[in-house]
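**Student:** Before I ask anything, let me first share the structure, which is written out below as structure tokens.
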Amino acid sequence: MNELADLIFPNIDKTVADYEKMYPARELKEGTIVTRFAPSPTGFIHIGHLFSSFVAKKVAQDTDGIFYLRIEDTDQKRTVENGITNIIRDLKNYNITFNEGMISETEEIGNYGPYIQSKRKEIYQTFAKELLKKGLAYPCFCTEEEVNDVREIQKRRKDRIGYYGEYAKYRNFDEQEAIKKIKNNEPYVVRFKSMGDYNKKIEINDAIKGKLTFPENDLDIVIIKSDGLPTYHFAHFVDDYLMHTTHIIRSDEWISSLPIHIQLFKTFNVKPPKYAHLSPLMKIDETGSKRKLSKRKDPESAVSYYHEKGIPKEAVILYILTVANSNFEAWYDTNKDASIDDFKFDFKKVSSSGSLFDYDKLLNISKNYISRLTAKEVYDGVLEYAKEFDLEFYNLLTKYKDYSIKIFNIEREQKKPRKDYDSYGNIKDQVFYMYDELFSDVTYDFDEKINKEEIKKVLDSYIEIYDENDDKDTWFSKMQNIGDNLGYCSNIKQYKENPDNYKGSIADISNIIRVAVTTSRMSPDLYEILKLLGKDRIKDRFNKAIQKLENK
Ligand code: GLU
């Protein structure tokens, strides 16, 4: 066996024990969680990545533990330029930062590195060499075609698919023959020689899914590919063992591989870490059926989508926590001013079947979140958004800073703030009328049943008596007076009792004014809007509205 091992890995002179010494157990308090986020360097952050990395960071943080970034680049096809930098940047944007691991394309921090798999080739090969020496691994020369043929035979026989037992052609291959083939430059992979028995069961307690029972693994999985790099399974074991990861928090697509992973840990006499498998985020599609959120079909699966919409990142995180832990929403309702750091994450409160990703709910959370910000915070948020996505608005916000803050302060910073902005991206459409520069080419939503002479009459009488210095009560009673004089009932209740006695009610009067200045029959507090516009601009708006009506 030694001859074969040396032939396959001639340059490997370290042993597993050497690496164990190099990466001693971490000195941490009992119960401290060490976990990681381990993406391929594709540069793309999916909402599912944000979900799992957030959960991993949160549980580590809750125990004063370690959260590190490991880059899994053994599949070279998935590597893109600046992939690592983009991942780090996008996560940082959501306050997901790491205690250890890669910090750029090439640099890293921490004592358990390298934290990028392509730089750990020797380490994996050392572990594989040890298995070869013990007769627990072997070279396999099967071509892709041969593997496919085996599969066809298994299908025909209705047998289990895979490379195991009698189907594992090179499992008991003569060592000297293998040496000959290698010397002959025949391509091969290194496979694990499983000692598992498919008829025996193993039990695993997943932190999210609970107790799981599987048959033991008996597949002779590939551990080192023909390019000398490890497969995911082998790298997962080697890395998480040497980096002393206590919890593997990953997507449940890996759940069926658990028997392989457990077996690898056991083969090296190492206690496996705890596993927590997260179900994918689901959505209800157009046809009403539930399916996985898809990178290809659903634009909202990309984290950049939220950035482009201007949904505050805090709101996205609040939503993620709402989806992740079923008791979070109730906790947050009673602890609105607390930091989410004060909430203790509980694996038992994670859905084990796949949480629904509900975009409307996210918008609602965002709306509530924005409603609790101060006017200055809204200003800063929308300014940052506009700087990237709407220069016209950015320039206005910069030019009229104090004025803009006052606009955002309408019905804000009070016990029941108004909830009308669901994202920074939809604020401009809701306040455009406060900026003369944006108030061109407008369409007015005057009530059809009131004719233009009447509208003109209301506006003319209103501008006569409008005084910026009036307090709200005086302002309102003046409007009532106008109504009374023109035959509109100033008391809604009275109006409803005898509608035929009047042309309309005070609501019609205020709506005429509202539409003339904002174009719409719905707006925040009219008194505040008028005060901010000031008498001259109100007059201009009225003239503009009248002109438009006359040109109709
Ligand atoms: N690179 C693996 C993936 O992206 C990591 C899975 C894990 O966390 O172990 O699926």
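Quick note on naming: the chains in the structure tokens go A, B, ... in the order shown, residues restart at 1 in each chain, and ligands are numbered from 1 in order of appearance.
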Can you work out which residues are within 9 Å of ligand 1, considering only C-alpha atoms and all ligand atoms, and then hand them over as number ranges by chain?
**Tutor:** A: 36-41, 49, 52, 70-73, 232-233, 236, 240, 248-251, 253-254
**Student:** Leaving out segment 256-258 of chain A and any residue of its chain fewer than 4 positions from it, which residues lie within 12 Å of it when counting only C-alpha atoms, given as a ChimeraX atom specification?
**Tutor:** /A:202-206,212-219,221,232-234,236-237,248,250-252,262-265,272-277
**Student:** Could those residues be written to a file, using N, CA, C and O atoms, as a compact mmCIF listing (two decimals), in the first residue's frame?
**Tutor:**
# COMPACT_ATOMS: atom_id res chain seq x y z
N ILE A 202 -27.79 4.25 10.67
CA ILE A 202 -27.17 5.24 11.56
C ILE A 202 -28.21 6.29 11.90
O ILE A 202 -29.14 6.54 11.12
N GLU A 203 -28.04 6.86 13.05
CA GLU A 203 -28.99 7.89 13.49
C GLU A 203 -28.24 9.20 13.69
O GLU A 203 -27.15 9.20 14.26
N ILE A 204 -28.83 10.28 13.19
CA ILE A 204 -28.17 11.59 13.35
C ILE A 204 -29.20 12.56 13.88
O ILE A 204 -30.34 12.59 13.41
N ASN A 205 -28.76 13.36 14.84
CA ASN A 205 -29.68 14.34 15.38
C ASN A 205 -29.37 15.70 14.77
O ASN A 205 -28.44 16.37 15.17
N ASP A 206 -30.14 16.07 13.78
CA ASP A 206 -29.91 17.36 13.12
C ASP A 206 -30.55 18.45 13.98
O ASP A 206 -31.66 18.29 14.47
N LEU A 212 -32.71 11.86 12.47
CA LEU A 212 -32.76 11.32 11.11
C LEU A 212 -32.12 9.94 11.11
O LEU A 212 -31.10 9.73 11.77
N THR A 213 -32.73 9.04 10.37
CA THR A 213 -32.15 7.69 10.29
C THR A 213 -31.81 7.38 8.84
O THR A 213 -32.62 7.64 7.95
N PHE A 214 -30.61 6.87 8.64
CA PHE A 214 -30.17 6.52 7.29
C PHE A 214 -29.52 5.15 7.31
O PHE A 214 -28.98 4.73 8.33
N PRO A 215 -29.47 4.50 6.15
CA PRO A 215 -28.62 3.32 6.05
C PRO A 215 -27.15 3.80 6.09
O PRO A 215 -26.87 4.92 5.66
N GLU A 216 -26.27 2.95 6.57
CA GLU A 216 -24.86 3.33 6.55
C GLU A 216 -24.41 3.55 5.11
O GLU A 216 -24.96 2.95 4.19
N ASN A 217 -23.39 4.36 4.95
CA ASN A 217 -22.87 4.56 3.60
C ASN A 217 -22.02 3.37 3.18
O ASN A 217 -21.16 2.90 3.94
N ASP A 218 -22.25 2.90 1.97
CA ASP A 218 -21.34 1.87 1.45
C ASP A 218 -20.81 2.28 0.07
O ASP A 218 -20.23 1.48 -0.65
N LEU A 219 -21.03 3.55 -0.29
CA LEU A 219 -20.53 4.01 -1.59
C LEU A 219 -19.04 4.30 -1.49
O LEU A 219 -18.59 4.92 -0.52
N ILE A 221 -17.03 6.61 -2.55
CA ILE A 221 -17.08 7.93 -3.20
C ILE A 221 -15.69 8.38 -3.63
O ILE A 221 -14.68 7.97 -3.07
N TYR A 232 -16.28 17.75 -2.80
CA TYR A 232 -16.89 18.48 -1.68
C TYR A 232 -16.87 17.63 -0.41
O TYR A 232 -16.49 18.12 0.67
N HIS A 233 -17.28 16.36 -0.54
CA HIS A 233 -17.40 15.51 0.65
C HIS A 233 -16.09 15.45 1.44
O HIS A 233 -16.07 15.61 2.66
N PHE A 234 -15.02 15.21 0.71
CA PHE A 234 -13.74 15.03 1.39
C PHE A 234 -13.23 16.35 1.96
O PHE A 234 -12.75 16.43 3.10
N HIS A 236 -15.00 18.88 2.83
CA HIS A 236 -15.84 19.24 3.98
C HIS A 236 -15.29 18.58 5.25
O HIS A 236 -15.06 19.25 6.27
N PHE A 237 -15.01 17.29 5.16
CA PHE A 237 -14.50 16.60 6.34
C PHE A 237 -13.15 17.19 6.78
O PHE A 237 -12.97 17.56 7.94
N ILE A 248 -22.19 22.68 11.44
CA ILE A 248 -22.25 22.83 9.98
C ILE A 248 -23.65 23.30 9.66
O ILE A 248 -24.62 22.54 9.79
N ARG A 250 -25.85 24.44 6.75
CA ARG A 250 -25.80 24.44 5.29
C ARG A 250 -27.16 24.05 4.73
O ARG A 250 -28.06 23.64 5.47
N SER A 251 -27.26 24.13 3.44
CA SER A 251 -28.55 23.87 2.80
C SER A 251 -28.86 22.37 2.84
O SER A 251 -27.96 21.53 2.83
N ASP A 252 -30.15 22.06 2.87
CA ASP A 252 -30.49 20.65 3.06
C ASP A 252 -30.33 19.80 1.81
O ASP A 252 -30.63 18.61 1.82
N ILE A 262 -20.47 11.49 7.94
CA ILE A 262 -20.30 10.89 9.27
C ILE A 262 -19.25 9.78 9.20
O ILE A 262 -18.38 9.65 10.06
N GLN A 263 -19.32 9.01 8.13
CA GLN A 263 -18.38 7.90 7.99
C GLN A 263 -16.93 8.39 7.86
O GLN A 263 -16.02 7.80 8.43
N LEU A 264 -16.76 9.49 7.13
CA LEU A 264 -15.40 10.03 6.99
C LEU A 264 -14.85 10.46 8.36
O LEU A 264 -13.72 10.16 8.71
N PHE A 265 -15.66 11.14 9.12
CA PHE A 265 -15.21 11.56 10.46
C PHE A 265 -14.85 10.33 11.30
O PHE A 265 -13.82 10.28 11.94
N PRO A 272 -17.87 13.77 14.84
CA PRO A 272 -18.43 14.68 13.83
C PRO A 272 -19.00 15.95 14.47
O PRO A 272 -19.41 15.91 15.63
N PRO A 273 -19.03 17.03 13.71
CA PRO A 273 -19.64 18.25 14.25
C PRO A 273 -21.16 18.08 14.32
O PRO A 273 -21.69 17.07 13.88
N LYS A 274 -21.83 19.11 14.82
CA LYS A 274 -23.30 19.09 14.80
C LYS A 274 -23.74 19.61 13.44
O LYS A 274 -23.08 20.49 12.88
N TYR A 275 -24.81 19.07 12.94
CA TYR A 275 -25.31 19.54 11.64
C TYR A 275 -26.64 20.27 11.82
O TYR A 275 -27.46 19.87 12.65
N ALA A 276 -26.81 21.33 11.06
CA ALA A 276 -28.09 22.04 11.04
C ALA A 276 -28.41 22.30 9.57
O ALA A 276 -27.76 23.11 8.93
N HIS A 277 -29.36 21.56 9.05
CA HIS A 277 -29.68 21.69 7.62
C HIS A 277 -30.87 22.60 7.41
O HIS A 277 -31.97 22.34 7.91
**Student:** Using only C-alpha atoms, find the one residue out of A:Lys225, A:Gly110, A:Thr126, A:Phe44 that sits nearest to Ala5 of chain A.
**Tutor:** A:Thr126
**Student:** Extract the full set of helix (DSSP H, G or I) residues from segment 400-483 of chain A according to DSSP on the backbone, and format it as a ChimeraX atom specification.
**Tutor:** /A:401-408,424-434,436-438,452-465,472-483
**Student:** What does the file look like for those residues with N, CA and C atoms, as a compact mmCIF listing (two decimals), in the first residue's frame?
**Tutor:**
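Result written to part_33.txt:
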# COMPACT_ATOMS: atom_id res chain seq x y z
N LYS A 401 -31.87 70.30 1.04
CA LYS A 401 -31.70 69.33 2.12
C LYS A 401 -32.70 69.55 3.28
N ASP A 402 -32.68 70.75 3.85
CA ASP A 402 -33.54 70.96 5.02
C ASP A 402 -35.02 70.81 4.69
N TYR A 403 -35.34 71.34 3.53
CA TYR A 403 -36.72 71.27 3.06
C TYR A 403 -37.13 69.79 2.91
N SER A 404 -36.23 69.00 2.33
CA SER A 404 -36.54 67.58 2.12
C SER A 404 -36.73 66.86 3.45
N ILE A 405 -35.88 67.19 4.40
CA ILE A 405 -36.04 66.54 5.72
C ILE A 405 -37.41 66.89 6.29
N LYS A 406 -37.83 68.14 6.07
CA LYS A 406 -39.16 68.54 6.57
C LYS A 406 -40.25 67.75 5.87
N ILE A 407 -40.06 67.50 4.60
CA ILE A 407 -41.07 66.70 3.86
C ILE A 407 -41.16 65.31 4.49
N PHE A 408 -39.98 64.73 4.73
CA PHE A 408 -40.00 63.36 5.28
C PHE A 408 -40.52 63.34 6.72
N TYR A 424 -36.78 52.91 -0.25
CA TYR A 424 -36.25 54.22 -0.64
C TYR A 424 -36.56 54.48 -2.11
N GLY A 425 -36.70 53.40 -2.86
CA GLY A 425 -36.95 53.53 -4.29
C GLY A 425 -38.35 54.03 -4.60
N ASN A 426 -39.28 53.97 -3.66
CA ASN A 426 -40.63 54.44 -4.02
C ASN A 426 -41.01 55.75 -3.34
N ILE A 427 -40.03 56.41 -2.76
CA ILE A 427 -40.32 57.68 -2.07
C ILE A 427 -40.54 58.82 -3.07
N LYS A 428 -39.70 58.86 -4.09
CA LYS A 428 -39.81 59.98 -5.03
C LYS A 428 -41.22 60.09 -5.61
N ASP A 429 -41.78 58.96 -6.02
CA ASP A 429 -43.12 58.99 -6.61
C ASP A 429 -44.16 59.50 -5.64
N GLN A 430 -43.87 59.36 -4.37
CA GLN A 430 -44.87 59.78 -3.39
C GLN A 430 -44.71 61.21 -2.91
N VAL A 431 -43.56 61.81 -3.20
CA VAL A 431 -43.37 63.19 -2.73
C VAL A 431 -43.02 64.14 -3.87
N PHE A 432 -43.12 63.65 -5.09
CA PHE A 432 -42.64 64.44 -6.24
C PHE A 432 -43.25 65.85 -6.25
N TYR A 433 -44.53 65.93 -5.80
CA TYR A 433 -45.25 67.20 -5.89
C TYR A 433 -44.67 68.27 -4.97
N MET A 434 -43.80 67.85 -4.07
CA MET A 434 -43.20 68.84 -3.18
C MET A 434 -42.05 69.57 -3.87
N ASP A 436 -40.95 71.61 -7.24
CA ASP A 436 -41.47 72.23 -8.47
C ASP A 436 -40.84 71.63 -9.71
N GLU A 437 -39.56 71.27 -9.57
CA GLU A 437 -38.83 70.71 -10.72
C GLU A 437 -39.47 69.41 -11.21
N LEU A 438 -40.16 68.73 -10.31
CA LEU A 438 -40.76 67.45 -10.72
C LEU A 438 -42.25 67.61 -11.04
N LYS A 452 -65.57 72.48 -13.45
CA LYS A 452 -64.36 73.28 -13.32
C LYS A 452 -64.61 74.69 -12.77
N GLU A 453 -65.79 75.22 -13.03
CA GLU A 453 -66.10 76.55 -12.46
C GLU A 453 -66.11 76.47 -10.94
N GLU A 454 -66.68 75.39 -10.50
CA GLU A 454 -66.79 75.19 -9.06
C GLU A 454 -65.39 75.06 -8.44
N ILE A 455 -64.55 74.28 -9.12
CA ILE A 455 -63.19 74.08 -8.62
C ILE A 455 -62.48 75.43 -8.56
N LYS A 456 -62.64 76.17 -9.60
CA LYS A 456 -61.99 77.47 -9.69
C LYS A 456 -62.47 78.37 -8.54
N LYS A 457 -63.76 78.31 -8.29
CA LYS A 457 -64.34 79.13 -7.22
C LYS A 457 -63.70 78.77 -5.87
N VAL A 458 -63.60 77.48 -5.63
CA VAL A 458 -63.04 77.02 -4.36
C VAL A 458 -61.59 77.50 -4.24
N LEU A 459 -60.84 77.30 -5.30
CA LEU A 459 -59.42 77.64 -5.23
C LEU A 459 -59.23 79.15 -5.06
N ASP A 460 -60.05 79.92 -5.80
CA ASP A 460 -59.94 81.38 -5.69
C ASP A 460 -60.25 81.85 -4.28
N SER A 461 -61.33 81.31 -3.70
CA SER A 461 -61.66 81.78 -2.35
C SER A 461 -60.63 81.30 -1.34
N TYR A 462 -60.07 80.15 -1.61
CA TYR A 462 -59.11 79.63 -0.64
C TYR A 462 -57.84 80.45 -0.58
N ILE A 463 -57.34 80.81 -1.74
CA ILE A 463 -56.06 81.52 -1.75
C ILE A 463 -56.20 82.90 -1.09
N GLU A 464 -57.41 83.45 -1.20
CA GLU A 464 -57.70 84.72 -0.55
C GLU A 464 -57.43 84.68 0.95
N ILE A 465 -57.91 83.58 1.57
CA ILE A 465 -57.86 83.55 3.03
C ILE A 465 -56.70 82.74 3.60
N LYS A 472 -53.35 74.86 13.09
CA LYS A 472 -54.14 73.86 12.36
C LYS A 472 -55.65 74.06 12.53
N ASP A 473 -56.05 74.45 13.74
CA ASP A 473 -57.49 74.63 13.97
C ASP A 473 -58.04 75.79 13.16
N THR A 474 -57.29 76.90 13.19
CA THR A 474 -57.74 78.07 12.43
C THR A 474 -57.81 77.72 10.95
N TRP A 475 -56.75 77.05 10.51
CA TRP A 475 -56.67 76.63 9.10
C TRP A 475 -57.91 75.83 8.72
N PHE A 476 -58.27 74.91 9.59
CA PHE A 476 -59.39 74.04 9.28
C PHE A 476 -60.72 74.81 9.29
N SER A 477 -60.86 75.70 10.29
CA SER A 477 -62.14 76.40 10.34
C SER A 477 -62.29 77.36 9.16
N LYS A 478 -61.17 77.87 8.68
CA LYS A 478 -61.26 78.73 7.49
C LYS A 478 -61.77 77.93 6.29
N MET A 479 -61.28 76.70 6.21
CA MET A 479 -61.70 75.86 5.09
C MET A 479 -63.20 75.56 5.22
N GLN A 480 -63.63 75.35 6.48
CA GLN A 480 -65.05 75.09 6.71
C GLN A 480 -65.90 76.29 6.27
N ASN A 481 -65.36 77.48 6.57
CA ASN A 481 -66.10 78.69 6.19
C ASN A 481 -66.30 78.77 4.69
N ILE A 482 -65.21 78.48 3.99
CA ILE A 482 -65.32 78.52 2.54
C ILE A 482 -66.40 77.56 2.08
N GLY A 483 -66.37 76.38 2.65
CA GLY A 483 -67.37 75.37 2.29
C GLY A 483 -68.78 75.90 2.55
**Student:** What is the atom CA of Lys183 of chain A to atom CA of Phe9 of chain A distance in Å?
**Tutor:**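 Atom CA of Phe9 of chain A lies at a distance of 12.8 Å from atom CA of Lys183 of chain A.
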**Student:** So which one's closest to Ala128 of chain A, A:Lys14, A:Lys169, A:Arg78, A:Lys29? Using only C-alpha atoms, please.
**Tutor:**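 For Ala128 of chain A, the nearest of the candidates is A:Lys14.
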**Student:** Mind running segment 390-475 of chain A against segment 514-518 of chain A at 7 Å and telling me each contacting residue's nearest atom pair with the distance in Å (one decimal), counting only C-alpha atoms, chain and number ascending, as a tab-separated table?
**Tutor:**
residue	atom	partner	partner_atom	distance
A:Tyr433	CA	A:Thr518	CA	5.3
A:Tyr444	CA	A:Val515	CA	6.3
A:Asp445	CA	A:Val515	CA	6.2
A:Phe446	CA	A:Val515	CA	6.2
**Student:** Would you output that residue set with N, CA, C and O atoms, as a short mmCIF file (atom, residue, chain, number, x, y, z; two decimals), in the first residue's frame?
**Tutor:**
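Result file part_24.cif:
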data_model
loop_
_atom_site.label_atom_id
_atom_site.label_comp_id
_atom_site.auth_asym_id
_atom_site.auth_seq_id
_atom_site.Cartn_x
_atom_site.Cartn_y
_atom_site.Cartn_z
N TYR A 433 -44.53 65.93 -5.80
CA TYR A 433 -45.25 67.20 -5.89
C TYR A 433 -44.67 68.27 -4.97
O TYR A 433 -45.01 69.44 -5.07
N TYR A 444 -54.31 65.71 -13.15
CA TYR A 444 -55.00 65.92 -11.88
C TYR A 444 -56.16 64.95 -11.71
O TYR A 444 -56.89 64.66 -12.66
N ASP A 445 -56.32 64.53 -10.48
CA ASP A 445 -57.38 63.56 -10.21
C ASP A 445 -58.59 64.23 -9.54
O ASP A 445 -59.06 63.79 -8.50
N PHE A 446 -59.06 65.34 -10.14
CA PHE A 446 -60.23 66.01 -9.56
C PHE A 446 -61.46 65.12 -9.69
O PHE A 446 -61.58 64.36 -10.65
#
**Student:** In Å, rounded to a single decimal, give me how far atom CA of Gln154 of chain A is from atom CA of Thr231 of chain A.
**Tutor:**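 Calculated distance between atom CA of Thr231 of chain A and atom CA of Gln154 of chain A is 23.8 Å.
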**Student:** Would you please work out which residue, of A:Asn93, A:Ser279, A:Gln61, A:Asn485, is nearest to Ile317 of chain A when using only C-alpha atoms?
**Tutor:**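 Closest to Ile317 of chain A, using only C-alpha atoms: A:Asn93.
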**Student:** Fewer than 4 positions away in the same chain doesn't count, so skip those; otherwise give me all residues within 12 Å of Trp331 of chain A, counting only C-alpha atoms, as number ranges by chain.
**Tutor:** A: 318, 321-322, 325-327, 335-340, 342-345
**Student:** With only C-alpha atoms as the atoms that count, which of A:Lys544, A:Lys180, A:Lys193, A:Lys266 lies nearest to Tyr164 of chain A?
**Tutor:**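 When distances to Tyr164 of chain A are compared using only C-alpha atoms, the smallest one comes from A:Lys193.
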**Student:** I'd like the contact shell of Gly65 of chain A - 9 Å cut-off, only C-alpha atoms, skipping same-chain residues fewer than 4 positions apart - returned as a list in words.
**Tutor:**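 Near Gly65 of chain A, the qualifying residues are Leu28, Lys29, Gly31, Thr32, Ile33, Val34, Thr35, Lys57, Val59, Ala60, Gln61 and Asn99 of chain A.
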**Student:** Using only C-alpha atoms, which protein or nucleic acid residues come within 6 Å of Ala302 of chain A? Drop anything in the same chain fewer than 3 positions from it, and give the result as JSON, numbers by chain.
**Tutor:** {"A": [46, 47, 305]}
**Student:** Could you write out the selected residues, including all heavy atoms, as a CSV table (one decimal), in the first residue's frame?
**Tutor:**
chain,number,residue,atom,x,y,z
A,46,HIS,N,-27.2,35.0,-3.3
A,46,HIS,CA,-28.6,34.6,-3.4
A,46,HIS,C,-29.2,34.9,-2.1
A,46,HIS,O,-28.5,34.9,-1.1
A,46,HIS,CB,-28.5,33.1,-3.7
A,46,HIS,CG,-29.7,32.4,-4.0
A,46,HIS,ND1,-30.5,31.9,-3.0
A,46,HIS,CD2,-30.3,32.1,-5.1
A,46,HIS,CE1,-31.6,31.3,-3.5
A,46,HIS,NE2,-31.5,31.4,-4.8
A,47,ILE,N,-30.5,35.1,-2.1
A,47,ILE,CA,-31.2,35.4,-0.8
A,47,ILE,C,-31.0,34.2,0.1
A,47,ILE,O,-30.9,34.4,1.4
A,47,ILE,CB,-32.7,35.8,-1.0
A,47,ILE,CG1,-33.3,36.3,0.3
A,47,ILE,CG2,-33.5,34.7,-1.7
A,47,ILE,CD1,-33.1,37.7,0.6
A,305,TYR,N,-31.2,42.6,-6.0
A,305,TYR,CA,-32.6,43.1,-6.2
A,305,TYR,C,-33.1,44.1,-5.2
A,305,TYR,O,-33.7,45.1,-5.5
A,305,TYR,CB,-33.5,41.8,-6.3
A,305,TYR,CG,-35.0,42.1,-6.6
A,305,TYR,CD1,-35.4,42.3,-7.9
A,305,TYR,CD2,-35.9,42.2,-5.6
A,305,TYR,CE1,-36.7,42.5,-8.2
A,305,TYR,CE2,-37.3,42.4,-5.9
A,305,TYR,CZ,-37.6,42.6,-7.2
A,305,TYR,OH,-39.0,42.8,-7.5
**Student:** A:Leu7, A:Ile153, A:Ala235, A:Ile88: which is nearest Leu132 of chain A, counting only C-alpha atoms?
**Tutor:**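 Of A:Leu7, A:Ile153, A:Ala235, A:Ile88, the one nearest Leu132 of chain A, counting only C-alpha atoms, is A:Leu7.
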**Student:** Hey, which of A:Ser352, A:Ser520, A:Ser304, A:Gln176 ends up closest to Pro139 of chain A? Count only C-alpha atoms.
**Tutor:** A:Gln176
**Student:** Give me the residues near Asn451 of chain A as number ranges by chain, where near means some atom within 12 Å (using only C-alpha atoms) and where sequence neighbours in that chain fewer than 6 positions away do not count.
**Tutor:** A: 457-458, 503, 508, 512, 546, 549-550, 552
